[in-house]
>>> print(open('query-v6.cif').read())   # mmCIF, C-alpha atoms
data_my_file
#
loop_
_atom_site.group_PDB
_atom_site.id
_atom_site.type_symbol
_atom_site.label_atom_id
_atom_site.label_comp_id
_atom_site.auth_asym_id
_atom_site.auth_seq_id
_atom_site.Cartn_x
_atom_site.Cartn_y
_atom_site.Cartn_z
ATOM 1 C CA MET A 1 111.245 80.829 108.368
ATOM 2 C CA LYS A 2 110.804 79.033 111.672
ATOM 3 C CA GLU A 3 113.167 79.631 114.536
ATOM 4 C CA TYR A 4 115.141 76.429 114.923
ATOM 5 C CA PHE A 5 117.537 75.124 117.536
ATOM 6 C CA LEU A 6 120.374 72.819 116.402
ATOM 7 C CA ILE A 7 121.576 69.746 118.263
ATOM 8 C CA TYR A 8 124.628 67.935 116.911
ATOM 9 C CA ILE A 9 125.590 64.467 118.159
ATOM 10 C CA HIS A 10 129.089 63.490 117.065
ATOM 11 C CA GLY A 11 130.324 60.038 116.147
ATOM 12 C CA TYR A 12 132.520 57.580 118.018
ATOM 13 C CA GLY A 13 135.977 59.010 118.645
ATOM 14 C CA SER A 14 134.934 62.591 117.868
ATOM 15 C CA ASN A 15 134.145 65.416 120.290
ATOM 16 C CA ARG A 16 132.870 68.983 120.570
ATOM 17 C CA GLU A 17 135.552 70.067 118.084
ATOM 18 C CA SER A 18 133.759 68.220 115.268
ATOM 19 C CA ARG A 19 134.495 69.816 111.893
ATOM 20 C CA LYS A 20 131.033 68.807 110.645
ATOM 21 C CA PHE A 21 129.334 70.762 113.432
ATOM 22 C CA LYS A 22 131.579 73.737 112.678
ATOM 23 C CA ASP A 23 130.764 73.493 108.949
ATOM 24 C CA ILE A 24 127.030 73.514 109.653
ATOM 25 C CA LYS A 25 127.292 76.407 112.110
ATOM 26 C CA GLU A 26 129.328 78.407 109.593
ATOM 27 C CA VAL A 27 126.411 78.267 107.160
ATOM 28 C CA MET A 28 123.780 78.732 109.892
ATOM 29 C CA PRO A 29 125.422 81.253 112.243
ATOM 30 C CA ASN A 30 122.119 82.661 113.506
ATOM 31 C CA VAL A 31 120.694 79.291 114.528
ATOM 32 C CA PRO A 32 121.479 78.641 118.182
ATOM 33 C CA GLY A 33 122.804 75.193 118.846
ATOM 34 C CA THR A 34 124.800 72.811 120.930
ATOM 35 C CA ILE A 35 126.877 69.703 120.505
ATOM 36 C CA PHE A 36 126.154 66.780 122.802
ATOM 37 C CA GLU A 37 129.481 65.297 123.750
ATOM 38 C CA TRP A 38 129.693 61.687 124.835
ATOM 39 C CA ASP A 39 132.079 58.779 125.282
ATOM 40 C CA GLU A 40 131.667 55.037 125.813
ATOM 41 C CA ASP A 41 130.906 55.460 129.519
ATOM 42 C CA THR A 42 128.154 58.047 129.079
ATOM 43 C CA ASN A 43 124.776 57.306 130.607
ATOM 44 C CA PHE A 44 122.952 57.502 127.264
ATOM 45 C CA SER A 45 119.461 57.309 128.737
ATOM 46 C CA PHE A 46 120.315 60.341 130.858
ATOM 47 C CA LEU A 47 121.885 62.128 127.860
ATOM 48 C CA LEU A 48 118.782 61.630 125.721
ATOM 49 C CA GLU A 49 116.384 62.529 128.546
ATOM 50 C CA THR A 50 118.432 65.682 129.202
ATOM 51 C CA ALA A 51 118.306 66.613 125.512
ATOM 52 C CA LEU A 52 114.552 66.042 125.483
ATOM 53 C CA SER A 53 113.946 68.095 128.626
ATOM 54 C CA HIS A 54 116.127 70.961 127.371
ATOM 55 C CA THR A 55 114.163 71.111 124.116
ATOM 56 C CA ALA A 56 110.689 70.290 125.452
ATOM 57 C CA GLU A 57 109.593 73.919 125.033
ATOM 58 C CA MET A 58 111.056 74.134 121.520
ATOM 59 C CA GLN A 59 108.665 73.070 118.802
ATOM 60 C CA ASP A 60 111.234 73.090 115.995
ATOM 61 C CA VAL A 61 114.600 71.420 116.499
ATOM 62 C CA ILE A 62 117.176 70.263 113.980
ATOM 63 C CA ILE A 63 119.093 67.187 115.082
ATOM 64 C CA VAL A 64 122.186 66.159 113.147
ATOM 65 C CA GLY A 65 123.832 62.881 114.080
ATOM 66 C CA ASP A 66 127.022 61.447 112.646
ATOM 67 C CA SER A 67 127.831 57.710 112.562
ATOM 68 C CA THR A 68 127.254 56.334 116.077
ATOM 69 C CA GLY A 69 125.815 59.719 117.032
ATOM 70 C CA ALA A 70 123.218 59.253 114.279
ATOM 71 C CA ASN A 71 121.800 56.312 116.197
ATOM 72 C CA PHE A 72 121.333 58.515 119.264
ATOM 73 C CA ALA A 73 119.983 61.348 117.086
ATOM 74 C CA TYR A 74 117.322 58.981 115.725
ATOM 75 C CA GLN A 75 116.416 57.866 119.247
ATOM 76 C CA LEU A 76 116.066 61.504 120.328
ATOM 77 C CA LYS A 77 113.901 62.307 117.307
ATOM 78 C CA GLU A 78 111.585 59.424 118.237
ATOM 79 C CA MET A 79 111.363 60.686 121.832
ATOM 80 C CA ARG A 80 110.468 64.170 120.583
ATOM 81 C CA LYS A 81 107.901 62.683 118.199
ATOM 82 C CA GLU A 82 106.225 60.842 121.097
ATOM 83 C CA ALA A 83 106.093 64.183 122.939
ATOM 84 C CA GLY A 84 104.385 65.810 119.931
ATOM 85 C CA LEU A 85 107.396 67.944 119.006
ATOM 86 C CA ASN A 86 108.703 68.650 115.489
ATOM 87 C CA THR A 87 112.186 67.560 114.547
ATOM 88 C CA VAL A 88 114.166 67.908 111.348
ATOM 89 C CA LEU A 89 116.573 64.963 111.369
ATOM 90 C CA VAL A 90 119.827 64.636 109.429
ATOM 91 C CA LEU A 91 121.851 61.416 109.619
ATOM 92 C CA THR A 92 125.358 61.241 108.154
ATOM 93 C CA SER A 93 127.071 57.855 107.722
ATOM 94 C CA PRO A 94 124.560 56.510 110.267
ATOM 95 C CA LEU A 95 125.185 53.450 112.421
ATOM 96 C CA LEU A 96 121.759 51.898 111.981
ATOM 97 C CA ASP A 97 122.733 48.376 113.023
ATOM 98 C CA TYR A 98 125.753 47.496 115.177
ATOM 99 C CA SER A 99 126.095 44.162 113.358
ATOM 100 C CA LYS A 100 126.671 46.002 110.033
ATOM 101 C CA ARG A 101 130.039 47.416 111.080
ATOM 102 C CA LEU A 102 132.906 46.464 108.781
ATOM 103 C CA ASN A 103 135.628 47.209 111.329
ATOM 104 C CA THR A 104 134.857 44.532 113.913
ATOM 105 C CA ASP A 105 138.327 44.929 115.460
ATOM 106 C CA LEU A 106 137.001 48.092 117.106
ATOM 107 C CA VAL A 107 134.856 46.664 119.881
ATOM 108 C CA PHE A 108 132.433 49.052 121.522
ATOM 109 C CA SER A 109 132.011 48.943 125.288
ATOM 110 C CA GLU A 110 129.069 46.951 126.596
ATOM 111 C CA ASN A 111 127.488 50.211 127.766
ATOM 112 C CA LEU A 112 127.701 51.710 124.279
ATOM 113 C CA GLN A 113 126.512 48.537 122.542
ATOM 114 C CA ASN A 114 123.514 48.251 124.870
ATOM 115 C CA SER A 115 122.566 51.881 124.264
ATOM 116 C CA LEU A 116 122.349 51.521 120.487
ATOM 117 C CA ILE A 117 119.147 50.407 118.830
ATOM 118 C CA LYS A 118 118.715 48.580 115.558
ATOM 119 C CA ILE A 119 116.993 50.941 113.150
ATOM 120 C CA ASP A 120 115.266 48.959 110.403
ATOM 121 C CA ASN A 121 113.208 51.788 108.950
ATOM 122 C CA VAL A 122 114.585 55.295 108.820
ATOM 123 C CA GLU A 123 111.615 57.640 108.829
ATOM 124 C CA ASP A 124 111.492 61.351 108.094
ATOM 125 C CA ALA A 125 115.197 62.118 107.779
ATOM 126 C CA LEU A 126 117.839 63.274 105.391
ATOM 127 C CA VAL A 127 120.317 60.390 105.165
ATOM 128 C CA ILE A 128 123.752 60.956 103.660
ATOM 129 C CA LEU A 129 125.550 57.713 102.798
ATOM 130 C CA ALA A 130 129.097 57.428 101.471
ATOM 131 C CA LYS A 131 129.487 55.082 98.505
ATOM 132 C CA GLU A 132 132.976 54.141 99.690
ATOM 133 C CA ASP A 133 132.108 53.725 103.373
ATOM 134 C CA GLU A 134 134.821 51.534 104.839
ATOM 135 C CA VAL A 135 133.319 51.448 108.355
ATOM 136 C CA LEU A 136 129.656 50.548 107.856
ATOM 137 C CA ASP A 137 127.977 48.162 105.425
ATOM 138 C CA PHE A 138 125.034 49.827 103.691
ATOM 139 C CA SER A 139 124.724 47.164 100.964
ATOM 140 C CA GLU A 140 121.373 45.990 102.346
ATOM 141 C CA PHE A 141 120.023 49.507 102.822
ATOM 142 C CA ASN A 142 116.993 49.630 100.566
ATOM 143 C CA VAL A 143 115.776 53.173 100.040
ATOM 144 C CA ARG A 144 112.235 52.126 99.173
ATOM 145 C CA HIS A 145 111.780 49.991 102.288
ATOM 146 C CA ASN A 146 114.224 51.466 104.788
ATOM 147 C CA ALA A 147 113.721 55.200 104.343
ATOM 148 C CA LYS A 148 110.036 56.032 104.684
ATOM 149 C CA GLY A 149 109.475 59.721 104.108
ATOM 150 C CA SER A 150 113.211 60.279 103.940
ATOM 151 C CA ASP A 151 115.594 61.733 101.402
ATOM 152 C CA VAL A 152 118.678 59.585 100.831
ATOM 153 C CA ILE A 153 121.780 60.966 99.170
ATOM 154 C CA TYR A 154 124.683 58.759 98.133
ATOM 155 C CA VAL A 155 127.932 60.691 97.909
ATOM 156 C CA GLU A 156 131.342 59.887 96.462
ATOM 157 C CA ASP A 157 133.162 59.824 99.775
ATOM 158 C CA THR A 158 134.307 57.668 102.681
ATOM 159 C CA HIS A 159 132.777 57.201 106.121
ATOM 160 C CA ARG A 160 134.426 60.347 107.514
ATOM 161 C CA LEU A 161 132.807 62.436 104.760
ATOM 162 C CA GLU A 162 135.986 64.375 104.043
ATOM 163 C CA ASN A 163 134.047 66.513 101.537
ATOM 164 C CA PHE A 164 131.364 67.378 104.093
ATOM 165 C CA THR A 165 131.325 71.072 103.205
ATOM 166 C CA SER A 166 130.002 69.997 99.792
ATOM 167 C CA TYR A 167 126.974 68.382 101.452
ATOM 168 C CA VAL A 168 125.963 71.220 103.763
ATOM 169 C CA GLY A 169 123.872 72.679 100.925
ATOM 170 C CA TYR A 170 121.814 69.454 100.863
ATOM 171 C CA ILE A 171 121.265 69.792 104.598
ATOM 172 C CA ILE A 172 120.116 73.418 104.303
ATOM 173 C CA GLY A 173 117.878 72.517 101.369
ATOM 174 C CA TYR A 174 116.302 69.703 103.369
ATOM 175 C CA ILE A 175 115.678 71.987 106.350
ATOM 176 C CA VAL A 176 114.081 74.599 104.074
ATOM 177 C CA SER A 177 111.892 71.947 102.399
ATOM 178 C CA LYS A 178 110.665 70.742 105.802
ATOM 179 C CA ASN A 179 109.863 74.338 106.716
ATOM 180 C CA PHE A 180 107.506 74.607 103.741
ATOM 181 C CA GLN A 181 105.935 71.145 104.119
ATOM 182 C CA GLU A 182 104.456 71.916 107.524
#
>>> encode(input="query-v6.cif", output="structure tokens")
Amino acid sequence: MKEYFLIYIHGYGSNRESRKFKDIKEVMPNVPGTIFEWDEDTNFSFLLETALSHTAEMQDVIIVGDSTGANFAYQLKEMRKEAGLNTVLVLTSPLLDYSKRLNTDLVFSENLQNSLIKIDNVEDALVILAKEDEVLDFSEFNVRHNAKGSDVIYVEDTHRLENFTSYVGYIIGYIVSKNFQE
């Protein structure tokens, strides 16, 4: 098995105490990793460039992004791809398009809004979507057209993925499958 490094990028309103990161690390205790903490005022270009420079010597990195953090995880994966580096990407309840938010009362700062990209085609990722997501609208997400080379799993859960420990096995399975595909 390859020697991976794990980067976790939490969602809006979360922090380094993320239960999802802890759940993943519990199952992968020997995989070194870090959580990239951010808030609305973060310089996201600097954050992503820092993540890229810190992993530039690492050929195999696992990036897990949750909700808003999934958008930044996808951006980082694309940066690594341009640099010729391998990335296993996992997106949970991903914010792919700011305009697809259901809770429009929660207005993101201009800095945060401007740092997000619209992701029309998710490529080469494990995507976990909650069927009862009350925060993001995935009704137009078309697996055949929007998830090239990706595995998409719909789960009986809400946006926060309260049953996340039940999905960690899918994440490990995806990582293992990527290990054998290369």
>>> residues_around(input="query-v6.cif", residues="Glu37 (chain A)", least_positions_apart="2", cutoff="8 Å", atoms="all atoms listed in the file", output="list in words")
Ile9, His10, Asn15, Arg16, Ile35 and Asp39 of chain A
>>> write_last_selection(input="query-v6.cif", atoms="C-alpha atoms", output="CSV table (one decimal), in the coordinates of the input")
chain,number,residue,atom,x,y,z
A,9,ILE,CA,125.6,64.5,118.2
A,10,HIS,CA,129.1,63.5,117.1
A,15,ASN,CA,134.1,65.4,120.3
A,16,ARG,CA,132.9,69.0,120.6
A,35,ILE,CA,126.9,69.7,120.5
A,39,ASP,CA,132.1,58.8,125.3
>>> atom_distance(input="query-v6.cif", atom1="CA of Ile153 (chain A)", atom2="CA of Ile128 (chain A)")
4.9 Å
>>> atom_distance(input="query-v6.cif", atom1="CA of Arg144 (chain A)", atom2="CA of Thr165 (chain A)")
27.2 Å
>>> residues_near_point(input="query-v6.cif", point="(131.3, 47.5, 110.4)", cutoff="8 Å", atoms="all atoms listed in the file", output="PyMOL selection string")
chain A and resi 98-104+134-137
>>> residues_near_point(input="query-v6.cif", point="(120.7, 72.9, 114.2)", cutoff="8 Å", atoms="all atoms listed in the file", output="count of residues only")
16
>>> residues_around(input="query-v6.cif", residues="Leu126 (chain A)", least_positions_apart="6", cutoff="9 Å", atoms="all atoms listed in the file", output="list in words")
Val88, Leu89, Val90, Leu91, Thr92, Ser150, Asp151, Val152, Ile153, Tyr170, Ile171 and Tyr174 of chain A
>>> resolve_selection(input="query-v6.cif", expression="the PyMOL selection byres ((chain A and resi 147) around 8)", output="PDB file with C-alpha atoms, keeping the file's coordinate frame")
ATOM      1  CA  ASN A 121     113.208  51.788 108.950  1.00  0.00           C
ATOM      2  CA  VAL A 122     114.585  55.295 108.820  1.00  0.00           C
ATOM      3  CA  GLU A 123     111.615  57.640 108.829  1.00  0.00           C
ATOM      4  CA  ASP A 124     111.492  61.351 108.094  1.00  0.00           C
ATOM      5  CA  ALA A 125     115.197  62.118 107.779  1.00  0.00           C
ATOM      6  CA  ASN A 142     116.993  49.630 100.566  1.00  0.00           C
ATOM      7  CA  VAL A 143     115.776  53.173 100.040  1.00  0.00           C
ATOM      8  CA  ARG A 144     112.235  52.126  99.173  1.00  0.00           C
ATOM      9  CA  HIS A 145     111.780  49.991 102.288  1.00  0.00           C
ATOM     10  CA  ASN A 146     114.224  51.466 104.788  1.00  0.00           C
ATOM     11  CA  LYS A 148     110.036  56.032 104.684  1.00  0.00           C
ATOM     12  CA  GLY A 149     109.475  59.721 104.108  1.00  0.00           C
ATOM     13  CA  SER A 150     113.211  60.279 103.940  1.00  0.00           C
ATOM     14  CA  ASP A 151     115.594  61.733 101.402  1.00  0.00           C
ATOM     15  CA  VAL A 152     118.678  59.585 100.831  1.00  0.00           C
TER      16      VAL A 152
END
>>> resolve_selection(input="query-v6.cif", expression="the PyMOL selection byres ((chain A and resi 45) around 12)", output="PDB file with C-alpha atoms, in the frame of the given file")
ATOM      1  CA  TRP A  38     129.693  61.687 124.835  1.00  0.00           C
ATOM      2  CA  ASP A  41     130.906  55.460 129.519  1.00  0.00           C
ATOM      3  CA  THR A  42     128.154  58.047 129.079  1.00  0.00           C
ATOM      4  CA  ASN A  43     124.776  57.306 130.607  1.00  0.00           C
ATOM      5  CA  PHE A  44     122.952  57.502 127.264  1.00  0.00           C
ATOM      6  CA  PHE A  46     120.315  60.341 130.858  1.00  0.00           C
ATOM      7  CA  LEU A  47     121.885  62.128 127.860  1.00  0.00           C
ATOM      8  CA  LEU A  48     118.782  61.630 125.721  1.00  0.00           C
ATOM      9  CA  GLU A  49     116.384  62.529 128.546  1.00  0.00           C
ATOM     10  CA  THR A  50     118.432  65.682 129.202  1.00  0.00           C
ATOM     11  CA  ALA A  51     118.306  66.613 125.512  1.00  0.00           C
ATOM     12  CA  LEU A  52     114.552  66.042 125.483  1.00  0.00           C
ATOM     13  CA  PHE A  72     121.333  58.515 119.264  1.00  0.00           C
ATOM     14  CA  GLN A  75     116.416  57.866 119.247  1.00  0.00           C
ATOM     15  CA  LEU A  76     116.066  61.504 120.328  1.00  0.00           C
ATOM     16  CA  MET A  79     111.363  60.686 121.832  1.00  0.00           C
ATOM     17  CA  ASN A 111     127.488  50.211 127.766  1.00  0.00           C
ATOM     18  CA  LEU A 112     127.701  51.710 124.279  1.00  0.00           C
ATOM     19  CA  ASN A 114     123.514  48.251 124.870  1.00  0.00           C
ATOM     20  CA  SER A 115     122.566  51.881 124.264  1.00  0.00           C
ATOM     21  CA  LEU A 116     122.349  51.521 120.487  1.00  0.00           C
TER      22      LEU A 116
END
>>> atom_distance(input="query-v6.cif", atom1="CA of Glu26 (chain A)", atom2="CA of Gly169 (chain A)")
11.7 Å
>>> residues_around(input="query-v6.cif", residues="Arg160 (chain A)", least_positions_apart="3", cutoff="12 Å", atoms="all atoms listed in the file", output="ChimeraX atom specification")
/A:10-14,18-20,66-68,92-94,128-136,155-157,163-165
>>> closest_residue(input="query-v6.cif", among="A:Glu110, A:Asp97, A:Asp105, A:Glu57", to="Asn71 (chain A)", atoms="only C-alpha atoms")
A:Asp97
>>> closest_residue(input="query-v6.cif", among="A:Glu40, A:Phe138, A:Leu106, A:Lys2", to="Asp60 (chain A)", atoms="all atoms listed in the file")
A:Lys2
>>> decode(input="query-v6.cif", residues="region 73-98 of chain A", atoms="N, CA and C atoms", output="mmCIF file, in the first residue's frame")
data_model
loop_
_atom_site.group_PDB
_atom_site.id
_atom_site.type_symbol
_atom_site.label_atom_id
_atom_site.label_comp_id
_atom_site.auth_asym_id
_atom_site.auth_seq_id
_atom_site.Cartn_x
_atom_site.Cartn_y
_atom_site.Cartn_z
ATOM 1 N N ALA A 73 -11.152 21.768 -1.345
ATOM 2 C CA ALA A 73 -10.470 20.489 -1.566
ATOM 3 C C ALA A 73 -10.371 20.204 -3.070
ATOM 4 N N TYR A 74 -11.457 20.471 -3.794
ATOM 5 C CA TYR A 74 -11.442 20.248 -5.245
ATOM 6 C C TYR A 74 -10.432 21.183 -5.913
ATOM 7 N N GLN A 75 -10.406 22.431 -5.481
ATOM 8 C CA GLN A 75 -9.441 23.381 -6.048
ATOM 9 C C GLN A 75 -8.007 22.915 -5.802
ATOM 10 N N LEU A 76 -7.743 22.414 -4.595
ATOM 11 C CA LEU A 76 -6.405 21.921 -4.267
ATOM 12 C C LEU A 76 -6.057 20.695 -5.102
ATOM 13 N N LYS A 77 -7.015 19.807 -5.286
ATOM 14 C CA LYS A 77 -6.767 18.621 -6.122
ATOM 15 C C LYS A 77 -6.386 19.040 -7.544
ATOM 16 N N GLU A 78 -7.076 20.039 -8.079
ATOM 17 C CA GLU A 78 -6.771 20.516 -9.432
ATOM 18 C C GLU A 78 -5.369 21.134 -9.493
ATOM 19 N N MET A 79 -4.982 21.856 -8.453
ATOM 20 C CA MET A 79 -3.635 22.432 -8.404
ATOM 21 C C MET A 79 -2.580 21.328 -8.375
ATOM 22 N N ARG A 80 -2.831 20.291 -7.590
ATOM 23 C CA ARG A 80 -1.894 19.163 -7.517
ATOM 24 C C ARG A 80 -1.838 18.437 -8.862
ATOM 25 N N LYS A 81 -2.977 18.298 -9.500
ATOM 26 C CA LYS A 81 -3.030 17.635 -10.813
ATOM 27 C C LYS A 81 -2.167 18.394 -11.824
ATOM 28 N N GLU A 82 -2.289 19.721 -11.834
ATOM 29 C CA GLU A 82 -1.481 20.550 -12.738
ATOM 30 C C GLU A 82 0.011 20.381 -12.454
ATOM 31 N N ALA A 83 0.353 20.099 -11.197
ATOM 32 C CA ALA A 83 1.751 19.899 -10.813
ATOM 33 C C ALA A 83 2.212 18.459 -11.038
ATOM 34 N N GLY A 84 1.320 17.606 -11.570
ATOM 35 C CA GLY A 84 1.667 16.220 -11.851
ATOM 36 C C GLY A 84 1.662 15.322 -10.627
ATOM 37 N N LEU A 85 0.915 15.709 -9.606
ATOM 38 C CA LEU A 85 0.882 14.949 -8.352
ATOM 39 C C LEU A 85 -0.436 14.190 -8.212
ATOM 40 N N ASN A 86 -0.366 13.000 -7.623
ATOM 41 C CA ASN A 86 -1.557 12.163 -7.427
ATOM 42 C C ASN A 86 -2.338 12.615 -6.208
ATOM 43 N N THR A 87 -3.642 12.577 -6.332
ATOM 44 C CA THR A 87 -4.518 12.939 -5.226
ATOM 45 C C THR A 87 -5.718 12.015 -5.228
ATOM 46 N N VAL A 88 -6.050 11.485 -4.069
ATOM 47 C CA VAL A 88 -7.302 10.772 -3.876
ATOM 48 C C VAL A 88 -8.233 11.784 -3.209
ATOM 49 N N LEU A 89 -9.345 12.092 -3.867
ATOM 50 C CA LEU A 89 -10.237 13.143 -3.401
ATOM 51 C C LEU A 89 -11.563 12.575 -2.910
ATOM 52 N N VAL A 90 -11.974 13.034 -1.723
ATOM 53 C CA VAL A 90 -13.257 12.645 -1.146
ATOM 54 C C VAL A 90 -14.009 13.930 -0.815
ATOM 55 N N LEU A 91 -15.225 14.050 -1.343
ATOM 56 C CA LEU A 91 -16.063 15.221 -1.111
ATOM 57 C C LEU A 91 -17.328 14.783 -0.391
ATOM 58 N N THR A 92 -17.607 15.385 0.764
ATOM 59 C CA THR A 92 -18.816 15.053 1.510
ATOM 60 C C THR A 92 -19.726 16.275 1.542
ATOM 61 N N SER A 93 -20.992 16.076 1.179
ATOM 62 C CA SER A 93 -21.962 17.181 1.102
ATOM 63 C C SER A 93 -21.330 18.408 0.449
ATOM 64 N N PRO A 94 -20.757 18.260 -0.751
ATOM 65 C CA PRO A 94 -19.927 19.326 -1.316
ATOM 66 C C PRO A 94 -20.711 20.541 -1.819
ATOM 67 N N LEU A 95 -20.190 21.717 -1.506
ATOM 68 C CA LEU A 95 -20.709 22.961 -2.067
ATOM 69 C C LEU A 95 -20.050 23.132 -3.430
ATOM 70 N N LEU A 96 -20.764 22.693 -4.462
ATOM 71 C CA LEU A 96 -20.234 22.745 -5.818
ATOM 72 C C LEU A 96 -20.589 24.053 -6.516
ATOM 73 N N ASP A 97 -21.674 24.676 -6.057
ATOM 74 C CA ASP A 97 -22.167 25.898 -6.691
ATOM 75 C C ASP A 97 -22.848 26.742 -5.611
ATOM 76 N N TYR A 98 -22.294 27.914 -5.344
ATOM 77 C CA TYR A 98 -22.819 28.790 -4.293
ATOM 78 C C TYR A 98 -24.303 29.098 -4.502
#
